[in-house]
file start13.txt (compact mmCIF, C-alpha atoms and all ligand atoms)
# COMPACT_ATOMS: atom_id res chain seq x y z
CA MET O 1 -9.83 -17.54 8.89
CA ASN O 2 -12.87 -15.35 8.36
CA THR O 3 -15.22 -16.19 5.53
CA VAL O 4 -16.42 -12.71 4.59
CA LEU O 5 -13.61 -12.08 2.12
CA THR O 6 -13.57 -13.66 -1.34
CA ARG O 7 -10.54 -13.81 -3.60
CA CYS O 8 -11.34 -12.70 -7.13
CA PRO O 9 -11.58 -15.79 -9.40
CA ALA O 10 -9.55 -13.84 -12.00
CA ASN O 11 -6.56 -13.54 -9.60
CA PRO O 12 -3.89 -12.48 -10.19
CA ILE O 13 -5.57 -9.57 -11.94
CA LEU O 14 -2.35 -8.01 -13.27
CA THR O 15 0.90 -9.79 -14.11
CA ALA O 16 4.14 -8.89 -15.91
CA ASP O 17 3.23 -10.81 -19.08
CA ARG O 18 0.34 -8.38 -19.66
CA ILE O 19 2.58 -5.29 -19.63
CA PRO O 20 3.59 -3.95 -23.09
CA TYR O 21 7.09 -2.87 -21.96
CA PRO O 22 9.87 -4.55 -19.97
CA ALA O 23 8.32 -5.82 -16.73
CA THR O 24 9.22 -8.57 -14.26
CA LEU O 25 7.36 -7.93 -10.99
CA ILE O 26 4.00 -6.09 -11.01
CA PHE O 27 2.78 -5.47 -7.47
CA ASN O 28 1.97 -3.17 -4.53
CA ALA O 29 -0.42 -1.04 -6.57
CA GLY O 30 -2.69 1.83 -5.61
CA VAL O 31 -6.20 1.81 -7.08
CA THR O 32 -9.00 4.36 -7.18
CA LYS O 33 -11.98 5.49 -9.25
CA PHE O 34 -11.41 8.67 -11.23
CA GLN O 35 -13.63 10.28 -13.86
CA GLY O 36 -15.79 7.17 -14.28
CA LYS O 37 -12.93 4.66 -14.62
CA TYR O 38 -10.88 2.53 -12.29
CA VAL O 39 -7.24 3.60 -12.29
CA MET O 40 -4.33 1.53 -11.04
CA VAL O 41 -0.80 2.80 -10.45
CA PHE O 42 1.52 -0.15 -9.99
CA ARG O 43 5.13 -0.90 -9.17
CA ASN O 44 7.18 -2.56 -11.87
CA ASP O 45 10.60 -4.00 -11.06
CA TYR O 46 11.98 -4.84 -14.48
CA GLY O 47 15.01 -6.55 -15.95
CA GLY O 48 15.25 -9.45 -13.49
CA LYS O 49 14.46 -13.14 -13.64
CA PRO O 50 13.72 -15.98 -11.21
CA GLY O 51 16.81 -16.83 -9.19
CA THR O 52 18.21 -13.33 -8.95
CA ALA O 53 17.48 -10.40 -6.64
CA ASN O 54 19.05 -7.95 -9.08
CA PHE O 55 16.85 -5.82 -11.33
CA ALA O 56 17.68 -3.23 -13.98
CA GLY O 57 15.28 -0.70 -12.49
CA THR O 58 11.88 0.19 -11.06
CA ASN O 59 9.16 2.29 -12.59
CA ILE O 60 5.53 3.08 -11.91
CA GLY O 61 2.95 2.14 -14.53
CA VAL O 62 -0.70 3.04 -15.04
CA ALA O 63 -3.62 0.82 -16.07
CA PHE O 64 -7.29 1.63 -16.58
CA SER O 65 -10.36 -0.58 -16.17
CA ASP O 66 -14.14 -0.42 -16.55
CA ASP O 67 -14.90 -3.05 -13.91
CA GLY O 68 -11.90 -3.01 -11.55
CA ILE O 69 -11.02 -6.57 -12.59
CA ARG O 70 -9.84 -6.50 -16.23
CA TRP O 71 -7.06 -3.97 -16.70
CA ALA O 72 -5.59 -2.27 -19.74
CA PRO O 73 -2.04 -1.08 -19.04
CA GLN O 74 -0.89 2.08 -20.78
CA PRO O 75 1.62 1.51 -23.63
CA LYS O 76 4.53 3.10 -21.70
CA PRO O 77 5.64 3.29 -18.06
CA TRP O 78 4.74 6.54 -16.33
CA ILE O 79 7.18 7.53 -13.56
CA GLU O 80 10.81 6.51 -13.41
CA TRP O 81 12.47 8.91 -11.01
CA LYS O 82 16.26 8.84 -11.13
CA THR O 83 18.71 11.62 -10.31
CA ASP O 84 22.13 11.66 -8.62
CA GLU O 85 20.28 11.79 -5.29
CA ILE O 86 17.12 9.82 -6.06
CA ARG O 87 17.39 6.16 -6.97
CA ARG O 88 13.74 5.23 -7.52
CA ALA O 89 10.10 5.80 -6.57
CA TYR O 90 7.94 2.72 -5.86
CA ASP O 91 4.94 1.25 -4.02
CA PRO O 92 2.53 3.95 -5.27
CA ARG O 93 -0.78 4.70 -3.56
CA ILE O 94 -3.50 6.91 -4.92
CA SER O 95 -6.31 9.03 -3.42
CA VAL O 96 -8.75 11.37 -5.13
CA ILE O 97 -9.19 14.52 -3.03
CA ASP O 98 -11.29 17.46 -4.23
CA GLY O 99 -11.21 16.07 -7.78
CA ARG O 100 -7.41 15.75 -8.04
CA CYS O 101 -5.33 12.55 -7.91
CA TYR O 102 -2.73 12.49 -5.15
CA LEU O 103 0.02 9.90 -5.19
CA CYS O 104 2.11 8.67 -2.31
CA PHE O 105 5.22 6.62 -2.97
CA ALA O 106 8.39 5.46 -1.30
CA VAL O 107 11.51 7.18 -2.59
CA ASP O 108 14.92 5.51 -2.22
CA THR O 109 17.60 8.20 -2.06
CA ALA O 110 21.33 8.31 -1.49
CA HIS O 111 20.53 9.54 2.04
CA GLY O 112 17.70 7.25 3.12
CA ILE O 113 14.14 6.29 2.25
CA ARG O 114 11.66 9.18 2.02
CA GLY O 115 7.88 9.29 1.74
CA GLY O 116 6.86 11.30 -1.30
CA ILE O 117 3.54 12.94 -2.14
CA ALA O 118 2.73 14.18 -5.65
CA VAL O 119 -0.37 15.35 -7.49
CA THR O 120 -1.57 14.71 -11.04
CA ASP O 121 -4.66 15.54 -13.07
CA ASP O 122 -3.89 13.51 -16.20
CA PHE O 123 -1.48 10.65 -15.31
CA ASP O 124 1.09 12.43 -17.42
CA LYS O 125 2.42 15.52 -15.61
CA TRP O 126 3.07 15.08 -11.88
CA GLU O 127 4.17 17.61 -9.30
CA VAL O 128 5.92 16.68 -6.07
CA LEU O 129 4.31 18.37 -3.06
CA SER O 130 6.43 16.97 -0.26
CA LEU O 131 9.20 14.55 0.61
CA SER O 132 9.53 13.44 4.23
CA ALA O 133 12.72 13.18 6.24
CA PRO O 134 14.20 9.66 6.09
CA ASP O 135 13.37 6.91 6.94
CA ASN O 136 9.67 6.86 6.20
CA ARG O 137 7.39 5.08 3.77
CA ASN O 138 4.04 3.38 3.16
CA MET O 139 2.28 6.74 3.26
CA VAL O 140 -1.39 6.90 2.32
CA LEU O 141 -3.70 9.90 2.15
CA PHE O 142 -7.29 9.95 3.41
CA PRO O 143 -9.71 10.61 0.52
CA GLU O 144 -11.01 13.86 1.98
CA ARG O 145 -9.96 16.69 4.25
CA VAL O 146 -11.22 16.89 7.82
CA ASN O 147 -11.49 20.41 9.25
CA GLY O 148 -9.69 21.63 6.12
CA LYS O 149 -6.65 19.42 6.70
CA PHE O 150 -5.12 16.77 4.48
CA MET O 151 -4.45 13.65 6.53
CA ARG O 152 -2.09 10.76 6.08
CA LEU O 153 -1.04 7.49 7.66
CA GLU O 154 2.66 6.74 7.55
CA ARG O 155 5.34 4.40 8.82
CA PRO O 156 8.58 5.96 9.96
CA PHE O 157 11.21 3.37 10.81
CA PRO O 158 13.17 4.25 13.94
CA ILE O 159 16.16 1.89 14.08
CA TYR O 160 17.84 3.28 17.21
CA GLY O 161 15.04 4.59 19.37
CA ARG O 162 12.54 1.76 19.34
CA GLY O 163 14.40 -0.91 21.30
CA ALA O 164 13.84 -3.91 19.02
CA PRO O 165 14.92 -4.58 15.46
CA GLU O 166 12.14 -3.62 13.04
CA ALA O 167 9.46 -2.87 15.66
CA PHE O 168 7.99 -0.19 13.42
CA ASP O 169 4.59 1.38 14.02
CA LEU O 170 1.77 3.13 12.20
CA TRP O 171 1.47 6.91 12.57
CA PHE O 172 -0.82 9.81 11.58
CA SER O 173 -0.02 13.38 10.48
CA ASP O 174 -2.04 16.20 8.98
CA SER O 175 -1.31 19.21 6.81
CA PRO O 176 -3.00 22.40 5.64
CA ASP O 177 -1.51 22.15 2.15
CA CYS O 178 -0.02 18.66 1.62
CA ALA O 179 3.46 20.19 1.91
CA TYR O 180 3.92 20.94 5.63
CA TRP O 181 3.06 18.01 7.89
CA GLY O 182 2.52 18.06 11.65
CA ASN O 183 0.19 16.99 14.49
CA THR O 184 2.02 13.65 14.35
CA GLN O 185 0.30 10.98 16.45
CA LEU O 186 0.84 7.28 17.09
CA VAL O 187 -2.07 5.26 15.68
CA LEU O 188 -1.07 1.64 16.27
CA GLY O 189 2.04 0.14 17.85
CA SER O 190 3.36 -3.02 16.24
CA GLU O 191 3.11 -4.76 19.66
CA GLN O 192 -0.68 -4.28 19.52
CA VAL O 193 -1.02 -6.63 16.56
CA PRO O 194 -1.35 -10.08 18.18
CA TRP O 195 -0.32 -12.19 15.17
CA ALA O 196 2.76 -10.21 14.12
CA ASN O 197 6.13 -9.92 15.86
CA CYS O 198 7.82 -7.40 13.57
CA LYS O 199 6.84 -4.19 11.76
CA ILE O 200 3.43 -2.95 10.66
CA GLY O 201 2.44 -0.10 8.38
CA PRO O 202 -0.28 1.49 6.31
CA GLY O 203 -1.51 -0.30 3.24
CA ALA O 204 -4.60 0.99 1.47
CA PRO O 205 -5.88 4.56 1.83
CA PRO O 206 -8.83 4.50 4.28
CA ILE O 207 -12.43 4.46 3.06
CA LYS O 208 -15.15 6.37 4.87
CA THR O 209 -17.92 4.31 6.51
CA ARG O 210 -20.64 5.17 9.05
CA ALA O 211 -18.56 3.35 11.70
CA GLY O 212 -15.30 5.16 11.00
CA TRP O 213 -12.41 5.19 8.53
CA LEU O 214 -11.89 1.59 7.48
CA THR O 215 -8.32 0.77 6.53
CA ALA O 216 -6.27 -2.29 5.64
CA TYR O 217 -2.67 -2.36 6.85
CA HIS O 218 0.24 -4.76 6.53
CA ALA O 219 1.67 -6.71 9.46
CA VAL O 220 4.89 -8.71 9.39
CA ASN O 221 5.87 -11.84 11.27
CA VAL O 222 9.44 -13.06 11.14
CA ASP O 223 10.51 -16.62 11.88
CA LYS O 224 14.25 -17.11 11.37
CA THR O 225 13.85 -20.89 11.71
CA LYS O 226 11.77 -21.13 8.53
CA GLU O 227 13.18 -20.44 5.08
CA LEU O 228 10.33 -19.20 2.86
CA PRO O 229 10.23 -19.54 -0.95
CA ALA O 230 11.92 -16.60 -2.69
CA TRP O 231 14.24 -15.77 -5.58
CA HIS O 232 17.01 -15.14 -3.01
CA PRO O 233 18.13 -16.91 0.20
CA ASN O 234 17.27 -15.85 3.78
CA TRP O 235 13.64 -14.87 3.28
CA HIS O 236 11.85 -15.34 6.62
CA LYS O 237 9.03 -12.77 6.69
CA THR O 238 5.31 -13.37 6.29
CA TYR O 239 3.23 -10.31 5.37
CA THR O 240 -0.46 -10.47 6.27
CA ILE O 241 -3.31 -7.96 5.91
CA GLY O 242 -4.89 -6.46 9.04
CA LEU O 243 -8.04 -4.36 9.26
CA MET O 244 -9.00 -1.53 11.59
CA LEU O 245 -11.46 1.31 12.02
CA LEU O 246 -10.31 4.83 12.87
CA ASP O 247 -12.37 7.62 14.43
CA LEU O 248 -13.93 9.87 11.78
CA GLU O 249 -12.97 13.13 13.50
CA GLN O 250 -9.75 12.06 15.23
CA PRO O 251 -8.35 9.45 12.85
CA TRP O 252 -5.34 8.68 15.04
CA LYS O 253 -7.75 6.90 17.42
CA VAL O 254 -8.43 3.23 16.71
CA VAL O 255 -12.13 2.51 17.36
CA GLY O 256 -12.16 -1.11 16.16
CA MET O 257 -9.67 -3.71 15.05
CA MET O 258 -9.60 -7.34 13.96
CA ARG O 259 -7.71 -9.55 16.41
CA GLU O 260 -6.64 -11.89 13.61
CA PRO O 261 -5.50 -11.15 10.07
CA LEU O 262 -8.09 -10.35 7.43
CA LEU O 263 -6.03 -12.24 4.86
CA THR O 264 -2.98 -14.51 5.08
CA PRO O 265 -1.03 -15.99 2.16
CA THR O 266 -2.46 -19.35 1.12
CA THR O 267 -2.80 -19.58 -2.67
CA ASP O 268 0.08 -20.52 -4.96
CA TYR O 269 0.41 -16.94 -6.31
CA GLU O 270 0.63 -15.66 -2.71
CA LEU O 271 3.06 -18.29 -1.43
CA ASN O 272 5.49 -18.35 -4.36
CA GLY O 273 7.26 -15.60 -6.26
CA PHE O 274 10.05 -13.09 -5.78
CA ARG O 275 9.27 -13.13 -2.05
CA GLY O 276 6.72 -15.76 -1.10
CA HIS O 277 4.21 -15.35 1.74
CA VAL O 278 3.87 -11.59 1.14
CA LEU O 279 0.49 -9.84 0.93
CA PHE O 280 0.60 -6.06 0.70
CA PRO O 281 -2.68 -4.12 0.53
CA GLY O 282 -2.55 -0.88 -1.48
CA GLY O 283 -6.06 0.01 -2.64
CA MET O 284 -9.56 -0.17 -1.24
CA ILE O 285 -12.71 0.93 -3.06
CA LEU O 286 -16.20 1.16 -1.52
CA GLU O 287 -18.79 0.51 -4.23
CA PRO O 288 -22.31 2.02 -4.07
CA ASN O 289 -23.78 -1.47 -3.34
CA GLY O 290 -21.56 -1.88 -0.25
CA GLU O 291 -18.97 -4.14 -1.86
CA VAL O 292 -15.40 -3.33 -0.86
CA LYS O 293 -12.67 -4.15 -3.33
CA ILE O 294 -9.30 -4.72 -1.65
CA TYR O 295 -6.29 -4.72 -3.98
CA TYR O 296 -3.07 -6.29 -2.80
CA GLY O 297 0.33 -7.25 -4.10
CA ALA O 298 1.09 -10.97 -3.74
CA ALA O 299 4.57 -12.49 -3.31
CA ASP O 300 6.06 -9.16 -4.50
CA THR O 301 5.28 -10.52 -7.99
CA VAL O 302 1.64 -10.01 -9.04
CA GLU O 303 -1.38 -7.82 -8.22
CA CYS O 304 -4.57 -9.35 -6.77
CA LEU O 305 -8.10 -8.48 -5.66
CA ALA O 306 -10.39 -9.71 -2.88
CA THR O 307 -13.89 -8.48 -2.06
CA ALA O 308 -16.20 -8.32 0.96
CA HIS O 309 -19.29 -6.43 2.07
CA VAL O 310 -18.53 -3.29 4.04
CA ASP O 311 -20.93 -4.27 6.86
CA ASP O 312 -19.13 -7.59 7.32
CA LEU O 313 -15.76 -5.83 7.48
CA ILE O 314 -17.05 -3.38 10.06
CA ALA O 315 -18.48 -6.27 12.11
CA LEU O 316 -15.09 -8.02 12.05
CA CYS O 317 -13.44 -4.89 13.49
CA ARG O 318 -15.98 -4.75 16.31
CA GLN O 319 -15.70 -8.35 17.51
C1 LIG O 401 9.03 -3.99 2.15
C2 LIG O 401 8.86 -3.14 0.88
C3 LIG O 401 7.67 -3.66 0.08
C4 LIG O 401 7.74 -5.16 -0.10
C5 LIG O 401 8.03 -5.85 1.21
C6 LIG O 401 8.22 -7.35 1.08
O1 LIG O 401 10.15 -3.60 2.87
O2 LIG O 401 10.02 -3.20 0.09
O3 LIG O 401 7.70 -3.02 -1.17
O4 LIG O 401 6.51 -5.62 -0.61
O5 LIG O 401 9.18 -5.32 1.80
O6 LIG O 401 9.34 -7.64 0.30
call {"tool": "encode", "arguments": {"input": "start13.txt", "output": "structure tokens"}}
result
Amino acid sequence: MNTVLTRCPANPILTADRIPYPATLIFNAGVTKFQGKYVMVFRNDYGGKPGTANFAGTNIGVAFSDDGIRWAPQPKPWIEWKTDEIRRAYDPRISVIDGRCYLCFAVDTAHGIRGGIAVTDDFDKWEVLSLSAPDNRNMVLFPERVNGKFMRLERPFPIYGRGAPEAFDLWFSDSPDCAYWGNTQLVLGSEQVPWANCKIGPGAPPIKTRAGWLTAYHAVNVDKTKELPAWHPNWHKTYTIGLMLLDLEQPWKVVGMMREPLLTPTTDYELNGFRGHVLFPGGMILEPNGEVKIYYGAADTVECLATAHVDDLIALCRQ
């Protein structure tokens, strides 16, 4: 394992017992800086308990922080999207573009899983700008436009056309208005990730560095011979965090990539929980002093933070 990344001593930095409303699993959050504060939007699966995979529902909560480590959750959950067609929105990501906060989330519907994009200015009202065709999720937006275009990374999941179960890849699209998406390009095939034998997908929205867009993604390895700790039987997947650099002008081109995972599950809070051995990056912040904060969900149960210097992360992608 590399030594440039340090887990925050305060990990896990957000847990269900800190939430002032029904909460069981707090994880897979998006984090950004907005109007002088750190903002986290997090997934909350509520109404379940250890030993069951059944939950009463899922909502998205908001927490604010002055240092990115100690978080104050809002008194009420924010988004709980339920209609006859839509079952829930979850795994939120957040990017500030031109002074507005854009959210990406996965949307379970009666007709498949869709990638949703919404915009908010106050973490109260939110307006949906687009919903992809199914199945697609793990969308993240780049924090600025290039040549006037919004840009996203995404992970469609082709069951029939790909030739192997769950060999899902990481893709790019752009848009003039955040509603109509096109110029779809393959960024990284799951077979290009040497330590994973299953799906990959975006994780944290990219940050801009002199060497390219730096982005953390998730990569999954499945081993059916090993039962992993979980609240339900038949859990065999290990989720690790990978790191790559994308071209600043043509972000579908990978210009650097770690050959081993940036982070694998090793601590108790990463190995044990609703689904043990799961790390899912969702937020990355580049501080003025060069520190990069990487936020990740652990064991589908808690939210965590690890830090590194941006130059060290770039060097790892160039080895
Ligand atoms: C994926 C998503 C994520 C979750 C992961 C591991 O399919 O549901 O939200 O973290 O599985 O359970």
call {"tool": "residues_near_ligand", "arguments": {"input": "start13.txt", "ligand": "ligand LIG 401 (chain O)", "cutoff": "7 Å", "atoms": "all atoms listed in the file", "output": "PDB file with C-alpha atoms, keeping the file's coordinate frame"}}
result
ATOM      1  CA  ASN O  28       1.970  -3.170  -4.530  1.00  0.00           C
ATOM      2  CA  ASP O  91       4.940   1.250  -4.020  1.00  0.00           C
ATOM      3  CA  ARG O 275       9.270 -13.130  -2.050  1.00  0.00           C
ATOM      4  CA  VAL O 278       3.870 -11.590   1.140  1.00  0.00           C
ATOM      5  CA  PHE O 280       0.600  -6.060   0.700  1.00  0.00           C
ATOM      6  CA  ASP O 300       6.060  -9.160  -4.500  1.00  0.00           C
TER       7      ASP O 300
END
call {"tool": "residues_around", "arguments": {"input": "start13.txt", "residues": "range 176-192 of chain O", "least_positions_apart": "4", "cutoff": "8 Å", "atoms": "only C-alpha atoms", "output": "PyMOL selection string"}}
result
chain O and resi 117+129-130+148-150+167-172+196-200+219+252-254
call {"tool": "residues_around", "arguments": {"input": "start13.txt", "residues": "Tyr295 in chain O", "least_positions_apart": "6", "cutoff": "9 Å", "atoms": "all atoms listed in the file", "output": "count of residues only"}}
result
16
call {"tool": "closest_residue", "arguments": {"input": "start13.txt", "among": "O:Leu141, O:Leu313, O:Ala133, O:Val222", "to": "Glu166 in chain O", "atoms": "only C-alpha atoms"}}
result
O:Val222
call {"tool": "residues_around", "arguments": {"input": "start13.txt", "residues": "Trp81 in chain O", "least_positions_apart": "2", "cutoff": "9 Å", "atoms": "all atoms listed in the file", "output": "PyMOL selection string"}}
result
chain O and resi 58-59+79+83+86-89+107
call {"tool": "atom_distance", "arguments": {"input": "start13.txt", "atom1": "CA of Phe34 in chain O", "atom2": "CA of Pro9 in chain O"}}
result
24.5 Å
call {"tool": "closest_residue", "arguments": {"input": "start13.txt", "among": "O:Ala23, O:Leu248, O:Ile60, O:Ile241", "to": "Thr264 in chain O", "atoms": "only C-alpha atoms"}}
result
O:Ile241
call {"tool": "closest_residue", "arguments": {"input": "start13.txt", "among": "O:Asp312, O:Asp223, O:Glu270, O:Glu80", "to": "Phe105 in chain O", "atoms": "all atoms listed in the file"}}
result
O:Glu80
call {"tool": "atom_distance", "arguments": {"input": "start13.txt", "atom1": "CA of His232 in chain O", "atom2": "CA of Asn54 in chain O"}}
result
9.6 Å
call {"tool": "residues_around", "arguments": {"input": "start13.txt", "residues": "Ile26 in chain O", "least_positions_apart": "4", "cutoff": "6 Å", "atoms": "only C-alpha atoms", "output": "count of residues only"}}
result
6
call {"tool": "closest_residue", "arguments": {"input": "start13.txt", "among": "O:Phe274, O:Tyr160, O:Phe42, O:Phe55", "to": "Trp78 in chain O", "atoms": "all atoms listed in the file"}}
result
O:Phe42
call {"tool": "residues_near_point", "arguments": {"input": "start13.txt", "point": "(12.9, -19.3, -4.1)", "cutoff": "12 Å", "atoms": "all atoms listed in the file", "output": "list of chain:residue names"}}
result
O:Lys49, O:Pro50, O:Gly51, O:Thr52, O:Ala53, O:Glu227, O:Leu228, O:Pro229, O:Ala230, O:Trp231, O:His232, O:Pro233, O:Asn234, O:Trp235, O:His236, O:Leu271, O:Asn272, O:Gly273, O:Phe274, O:Arg275, O:Gly276, O:His277, O:Ala299
call {"tool": "write_last_selection", "arguments": {"input": "start13.txt", "atoms": "C-alpha atoms", "output": "PDB file, keeping the file's coordinate frame"}}
result
ATOM      1  CA  LYS O  49      14.460 -13.140 -13.640  1.00  0.00           C
ATOM      2  CA  PRO O  50      13.720 -15.980 -11.210  1.00  0.00           C
ATOM      3  CA  GLY O  51      16.810 -16.830  -9.190  1.00  0.00           C
ATOM      4  CA  THR O  52      18.210 -13.330  -8.950  1.00  0.00           C
ATOM      5  CA  ALA O  53      17.480 -10.400  -6.640  1.00  0.00           C
ATOM      6  CA  GLU O 227      13.180 -20.440   5.080  1.00  0.00           C
ATOM      7  CA  LEU O 228      10.330 -19.200   2.860  1.00  0.00           C
ATOM      8  CA  PRO O 229      10.230 -19.540  -0.950  1.00  0.00           C
ATOM      9  CA  ALA O 230      11.920 -16.600  -2.690  1.00  0.00           C
ATOM     10  CA  TRP O 231      14.240 -15.770  -5.580  1.00  0.00           C
ATOM     11  CA  HIS O 232      17.010 -15.140  -3.010  1.00  0.00           C
ATOM     12  CA  PRO O 233      18.130 -16.910   0.200  1.00  0.00           C
ATOM     13  CA  ASN O 234      17.270 -15.850   3.780  1.00  0.00           C
ATOM     14  CA  TRP O 235      13.640 -14.870   3.280  1.00  0.00           C
ATOM     15  CA  HIS O 236      11.850 -15.340   6.620  1.00  0.00           C
ATOM     16  CA  LEU O 271       3.060 -18.290  -1.430  1.00  0.00           C
ATOM     17  CA  ASN O 272       5.490 -18.350  -4.360  1.00  0.00           C
ATOM     18  CA  GLY O 273       7.260 -15.600  -6.260  1.00  0.00           C
ATOM     19  CA  PHE O 274      10.050 -13.090  -5.780  1.00  0.00           C
ATOM     20  CA  ARG O 275       9.270 -13.130  -2.050  1.00  0.00           C
ATOM     21  CA  GLY O 276       6.720 -15.760  -1.100  1.00  0.00           C
ATOM     22  CA  HIS O 277       4.210 -15.350   1.740  1.00  0.00           C
ATOM     23  CA  ALA O 299       4.570 -12.490  -3.310  1.00  0.00           C
TER      24      ALA O 299
END
call {"tool": "closest_residue", "arguments": {"input": "start13.txt", "among": "O:Lys208, O:Arg162, O:Lys76, O:Arg93", "to": "Val146 in chain O", "atoms": "only C-alpha atoms"}}
result
O:Lys208
call {"tool": "atom_distance", "arguments": {"input": "start13.txt", "atom1": "CA of Cys101 in chain O", "atom2": "CA of Ala308 in chain O"}}
result
25.1 Å
call {"tool": "axis_aligned_box", "arguments": {"input": "start13.txt", "around": "range 96-109 of chain O", "padding_each_side": "3 Å", "output": "JSON"}}
result
{"center_x": 3.2, "center_y": 11.5, "center_z": -4.7, "size_x": 34.9, "size_y": 18.0, "size_z": 12.7}
call {"tool": "closest_residue", "arguments": {"input": "start13.txt", "among": "O:Gly115, O:Cys8, O:Leu279, O:Ala216", "to": "Lys237 in chain O", "atoms": "all atoms listed in the file"}}
result
O:Leu279
call {"tool": "build_atoms", "arguments": {"input": "start13.txt", "residues": "range 29-43 of chain O", "atoms": "N, CA, C and O atoms", "output": "JSON list (two decimals), keeping the file's coordinate frame"}}
result
[["chain", "number", "residue", "atom", "x", "y", "z"],
["O", 29, "ALA", "N", 0.22, -2.11, -5.82],
["O", 29, "ALA", "CA", -0.42, -1.04, -6.57],
["O", 29, "ALA", "C", -1.37, -0.22, -5.70],
["O", 29, "ALA", "O", -1.88, -0.69, -4.69],
["O", 30, "GLY", "N", -1.61, 1.00, -6.14],
["O", 30, "GLY", "CA", -2.69, 1.83, -5.61],
["O", 30, "GLY", "C", -3.81, 1.84, -6.65],
["O", 30, "GLY", "O", -3.54, 1.82, -7.84],
["O", 31, "VAL", "N", -5.06, 1.85, -6.16],
["O", 31, "VAL", "CA", -6.20, 1.81, -7.08],
["O", 31, "VAL", "C", -7.26, 2.78, -6.60],
["O", 31, "VAL", "O", -7.51, 2.90, -5.40],
["O", 32, "THR", "N", -7.88, 3.49, -7.53],
["O", 32, "THR", "CA", -9.00, 4.36, -7.18],
["O", 32, "THR", "C", -9.95, 4.44, -8.35],
["O", 32, "THR", "O", -9.71, 3.86, -9.41],
["O", 33, "LYS", "N", -11.08, 5.17, -8.15],
["O", 33, "LYS", "CA", -11.98, 5.49, -9.25],
["O", 33, "LYS", "C", -11.81, 6.96, -9.54],
["O", 33, "LYS", "O", -11.82, 7.79, -8.62],
["O", 34, "PHE", "N", -11.65, 7.28, -10.85],
["O", 34, "PHE", "CA", -11.41, 8.67, -11.23],
["O", 34, "PHE", "C", -12.08, 8.91, -12.58],
["O", 34, "PHE", "O", -11.83, 8.17, -13.53],
["O", 35, "GLN", "N", -12.94, 9.91, -12.63],
["O", 35, "GLN", "CA", -13.63, 10.28, -13.86],
["O", 35, "GLN", "C", -14.27, 9.06, -14.53],
["O", 35, "GLN", "O", -14.11, 8.81, -15.73],
["O", 36, "GLY", "N", -14.99, 8.27, -13.75],
["O", 36, "GLY", "CA", -15.79, 7.17, -14.28],
["O", 36, "GLY", "C", -15.03, 5.89, -14.60],
["O", 36, "GLY", "O", -15.62, 4.92, -15.07],
["O", 37, "LYS", "N", -13.72, 5.87, -14.35],
["O", 37, "LYS", "CA", -12.93, 4.66, -14.62],
["O", 37, "LYS", "C", -12.18, 4.24, -13.35],
["O", 37, "LYS", "O", -11.91, 5.07, -12.48],
["O", 38, "TYR", "N", -11.83, 2.97, -13.31],
["O", 38, "TYR", "CA", -10.88, 2.53, -12.29],
["O", 38, "TYR", "C", -9.47, 2.81, -12.80],
["O", 38, "TYR", "O", -9.18, 2.59, -13.98],
["O", 39, "VAL", "N", -8.63, 3.32, -11.94],
["O", 39, "VAL", "CA", -7.24, 3.60, -12.29],
["O", 39, "VAL", "C", -6.33, 2.85, -11.32],
["O", 39, "VAL", "O", -6.56, 2.88, -10.11],
["O", 40, "MET", "N", -5.33, 2.20, -11.88],
["O", 40, "MET", "CA", -4.33, 1.53, -11.04],
["O", 40, "MET", "C", -2.96, 2.12, -11.34],
["O", 40, "MET", "O", -2.59, 2.30, -12.49],
["O", 41, "VAL", "N", -2.22, 2.46, -10.29],
["O", 41, "VAL", "CA", -0.80, 2.80, -10.45],
["O", 41, "VAL", "C", -0.03, 1.67, -9.78],
["O", 41, "VAL", "O", -0.32, 1.30, -8.64],
["O", 42, "PHE", "N", 0.88, 1.06, -10.51],
["O", 42, "PHE", "CA", 1.52, -0.15, -9.99],
["O", 42, "PHE", "C", 3.04, -0.03, -10.05],
["O", 42, "PHE", "O", 3.60, 0.73, -10.83],
["O", 43, "ARG", "N", 3.66, -0.80, -9.19],
["O", 43, "ARG", "CA", 5.13, -0.90, -9.17],
["O", 43, "ARG", "C", 5.58, -1.95, -10.17],
["O", 43, "ARG", "O", 5.02, -3.04, -10.23]]
